[in-house]
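Peer 1: If it helps, the file is called input-v6.csv and holds CSV, C-alpha atoms:
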chain,number,residue,atom,x,y,z
A,242,MET,CA,11.1,-19.9,21.0
A,243,GLY,CA,9.1,-16.8,20.0
A,244,ILE,CA,6.6,-18.8,17.9
A,245,ILE,CA,6.0,-21.3,20.8
A,246,LEU,CA,5.5,-18.4,23.2
A,247,ALA,CA,3.0,-16.8,20.7
A,248,ILE,CA,1.1,-20.0,20.4
A,249,LEU,CA,0.9,-20.5,24.1
A,250,LEU,CA,-0.3,-16.9,24.6
A,251,ALA,CA,-2.9,-17.4,21.9
A,252,PHE,CA,-4.2,-20.6,23.6
A,253,PHE,CA,-4.2,-18.8,26.9
A,254,PHE,CA,-6.4,-16.0,25.5
A,255,LEU,CA,-8.7,-18.5,23.7
A,256,TYR,CA,-9.1,-20.3,27.0
A,257,ILE,CA,-10.0,-17.0,28.8
A,258,TYR,CA,-12.5,-16.0,26.2
A,259,ALA,CA,-14.0,-19.4,26.0
A,260,ASN,CA,-14.6,-19.7,29.7
A,261,PHE,CA,-15.3,-16.2,30.9
A,262,ASP,CA,-18.0,-13.9,29.5
A,263,PRO,CA,-16.6,-10.4,28.7
A,264,SER,CA,-20.0,-8.8,29.2
A,265,GLU,CA,-20.2,-10.0,32.9
A,266,LEU,CA,-16.5,-9.6,34.0
A,267,PRO,CA,-14.3,-6.5,34.0
A,268,PHE,CA,-12.7,-7.1,30.6
A,269,PRO,CA,-11.2,-4.0,29.0
A,270,LYS,CA,-13.8,-1.7,27.4
A,271,CYS,CA,-13.5,0.2,24.1
A,272,LEU,CA,-11.8,3.5,24.8
A,273,ILE,CA,-13.2,5.0,21.6
A,274,PHE,CA,-16.8,4.1,22.4
A,275,TRP,CA,-16.4,5.1,26.1
A,276,THR,CA,-15.1,8.6,25.2
A,277,THR,CA,-17.0,9.4,22.1
A,278,GLY,CA,-20.1,7.1,21.9
A,279,VAL,CA,-19.0,6.1,18.4
A,280,ARG,CA,-18.6,2.3,17.8
A,281,CYS,CA,-15.2,1.5,16.4
A,282,PRO,CA,-14.7,-1.4,14.0
A,283,GLY,CA,-13.6,-3.7,16.9
A,284,CYS,CA,-16.5,-2.9,19.3
A,285,GLY,CA,-18.1,-6.1,20.3
A,286,SER,CA,-15.1,-8.3,19.3
A,287,GLN,CA,-14.6,-9.7,22.7
A,288,ARG,CA,-18.2,-10.7,23.1
A,289,ALA,CA,-18.2,-12.0,19.5
A,290,LEU,CA,-15.1,-14.2,20.2
A,291,HIS,CA,-16.7,-15.5,23.4
A,292,SER,CA,-19.9,-16.4,21.5
A,293,LEU,CA,-18.0,-18.0,18.7
A,294,LEU,CA,-16.0,-20.1,21.1
A,295,GLN,CA,-19.2,-21.2,22.7
A,296,GLY,CA,-20.5,-22.3,19.3
A,297,ASP,CA,-23.1,-19.4,19.0
A,298,ILE,CA,-22.3,-18.2,15.5
A,299,ALA,CA,-25.5,-16.1,15.3
A,300,GLY,CA,-24.6,-14.4,18.6
A,301,ALA,CA,-21.1,-13.7,17.5
A,302,PHE,CA,-22.4,-12.2,14.2
A,303,HIS,CA,-24.7,-10.0,16.2
A,304,PHE,CA,-21.9,-8.6,18.3
A,305,ASN,CA,-19.4,-7.9,15.4
A,306,ALA,CA,-20.4,-9.2,12.0
A,307,ALA,CA,-17.2,-7.9,10.4
A,308,LEU,CA,-15.0,-9.9,12.7
A,309,ILE,CA,-16.9,-13.1,11.9
A,310,LEU,CA,-16.8,-12.3,8.1
A,311,LEU,CA,-13.1,-11.5,8.2
A,312,LEU,CA,-11.9,-14.2,10.5
A,313,PRO,CA,-11.2,-16.7,7.7
A,314,LEU,CA,-9.2,-14.1,5.9
A,315,LEU,CA,-7.3,-13.1,9.1
A,316,LEU,CA,-6.4,-16.8,9.7
A,317,LEU,CA,-5.2,-17.1,6.1
A,318,LEU,CA,-3.0,-14.0,6.5
A,319,VAL,CA,-1.4,-15.4,9.6
A,320,LEU,CA,-0.9,-18.7,8.0
A,321,ALA,CA,0.6,-17.2,4.9
A,322,TYR,CA,2.9,-15.1,7.0
A,323,PHE,CA,4.3,-18.0,9.0
A,324,LEU,CA,4.6,-20.3,5.9
A,325,ARG,CA,5.9,-17.6,3.6
A,326,ASP,CA,9.2,-19.5,2.9
A,327,LYS,CA,7.3,-22.7,2.0
A,328,PHE,CA,4.5,-21.0,0.0
A,329,PRO,CA,5.8,-17.7,-1.4
A,330,ARG,CA,3.0,-17.4,-3.9
A,331,LEU,CA,0.4,-17.5,-1.2
A,332,TYR,CA,2.3,-14.9,0.7
A,333,ARG,CA,2.6,-12.6,-2.3
A,334,PHE,CA,-1.1,-13.1,-3.1
A,335,THR,CA,-2.2,-12.2,0.5
A,336,TYR,CA,0.2,-9.4,1.2
A,337,ASN,CA,-0.4,-7.1,-1.7
A,338,PRO,CA,-1.7,-3.5,-1.8
A,339,TYR,CA,-5.0,-4.4,-3.4
A,340,LEU,CA,-6.0,-6.6,-0.5
A,341,SER,CA,-4.8,-4.0,2.0
A,342,TRP,CA,-6.8,-1.2,0.4
A,343,GLY,CA,-9.8,-3.5,0.1
A,344,LEU,CA,-9.6,-4.3,3.8
A,345,LEU,CA,-9.2,-0.7,4.7
A,346,ILE,CA,-12.3,0.3,2.6
A,347,PHE,CA,-14.3,-2.6,4.1
A,348,ILE,CA,-13.4,-1.6,7.7
A,349,LEU,CA,-14.2,2.1,7.0
A,350,LEU,CA,-17.6,1.2,5.5
A,351,TRP,CA,-18.3,-1.2,8.3
A,352,THR,CA,-17.6,1.6,10.8
A,353,LEU,CA,-19.8,4.0,9.0
A,354,PHE,CA,-22.7,1.6,8.5
A,355,ARG,CA,-22.7,0.3,12.1
A,356,ASN,CA,-22.8,3.8,13.5
A,357,LEU,CA,-25.4,5.1,11.0
A,358,PHE,CA,-27.7,2.1,11.0
A,359,GLY,CA,-27.0,0.6,14.5
A,360,TRP,CA,-25.4,-2.6,13.2
Rewrite the coordinates I just gave you, this time as structure tokens.

Peer 2:
Amino acid sequence: MGIILAILLAFFFLYIYANFDPSELPFPKCLIFWTTGVRCPGCGSQRALHSLLQGDIAGAFHFNAALILLLPLLLLLVLAYFLRDKFPRLYRFTYNPYLSWGLLIFILLWTLFRNLFGW
């Protein structure tokens, strides 16, 4: 029941982001950027997701390149988690400390570069 609810909720949010532009409607704004002026790693993710669902990959990349680059990995992580009993090697490969540290370093570097160079 929980998985079905999660899938329905995911489709609901995909529908919302596909049909409504976050830059034109009162979607939630980034609290970190609003209070500090510093762009967090997720800034632009709503607009990037909207652009991606509209088929505008270049626009999505413009709003948040890290999200677009990491999206295949994030989907693999979700898939590996839900299929961990059927594919335990995939689960062990994706859920290991090296990948976690690599993701953390990537996200920290992305945050640094996007604020220093305006990415």

Peer 1: With a distance cut-off of 10 Å and all atoms listed in the file, select the neighbouring residues of Asn260 in chain A, excluding the residue or stretch itself and same-chain residues fewer than 4 positions from it, and output the selection as a ChimeraX atom specification.

Peer 2: /A:254-256,291,294-295

Peer 1: Output C-alpha atoms for every residue in the selection just made, as a CSV table (one decimal), in the coordinates of the input.

Peer 2:
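File result07.csv, as written:
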chain,number,residue,atom,x,y,z
A,254,PHE,CA,-6.4,-16.0,25.5
A,255,LEU,CA,-8.7,-18.5,23.7
A,256,TYR,CA,-9.1,-20.3,27.0
A,291,HIS,CA,-16.7,-15.5,23.4
A,294,LEU,CA,-16.0,-20.1,21.1
A,295,GLN,CA,-19.2,-21.2,22.7

Peer 1: Can you pull out every residue within 9 Å of Ala321 in chain A, counting all atoms listed in the file, but drop anything in the same chain fewer than 5 positions away, and send it as a PyMOL selection string?

Peer 2: chain A and resi 316+328-329+331-333+335-336

Peer 1: Rounded to one decimal, what separation in Å do you get between CA of Tyr258 in chain A and CA of Gly285 in chain A?

Peer 2: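 So the two atoms, CA of Tyr258 in chain A and CA of Gly285 in chain A, lie 12.8 Å apart.
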
Peer 1: Just the number, please: distance in Å from CA of Val279 in chain A to CA of Asn356 in chain A, one decimal.

Peer 2: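 Value for the CA of Val279 in chain A-CA of Asn356 in chain A distance: 6.6 Å.
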
Peer 1: So the first atom is CA of Ser341 in chain A and the second is CA of Leu317 in chain A; what is the distance between them in Å, to one decimal place?

Peer 2: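 These two atoms are separated by 13.7 Å.
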
Peer 1: Using only C-alpha atoms, find the one residue out of A:Leu249, A:Ile273, A:Ala307, A:Leu314 that sits nearest to Arg355 in chain A.

Peer 2: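 When distances to Arg355 in chain A are compared using only C-alpha atoms, the smallest one comes from A:Ala307.
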
Peer 1: Given the choices A:Lys270, A:Phe261, A:Ala251, A:Cys284, which gets closest to Phe304 in chain A if the distance is worked out from only C-alpha atoms?

Peer 2: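 Nearest to Phe304 in chain A: A:Cys284.
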
Peer 1: Which polymer residues, whether protein, DNA or RNA, lie within 10 Å of the coordinate (-17.8, 4.3, 14.6) when you count all atoms listed in the file? List them as JSON, numbers by chain, using the chain letters and numbers from the file.

Peer 2: {"A": [273, 274, 277, 278, 279, 280, 281, 282, 283, 284, 349, 350, 351, 352, 353, 354, 355, 356, 357, 359]}

Peer 1: Pick out the closest residue to Ser292 in chain A from this set: A:Ile245, A:Leu344, A:Ala259, A:Val319. Count only C-alpha atoms.

Peer 2: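 Nearest candidate to Ser292 in chain A out of A:Ile245, A:Leu344, A:Ala259, A:Val319: A:Ala259.
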
Peer 1: Within 12 Å of Ile298 in chain A, counting all atoms listed in the file, which residues qualify if same-chain residues fewer than 6 places away don't, as number ranges by chain?

Peer 2: A: 288-292, 304-306, 308-310
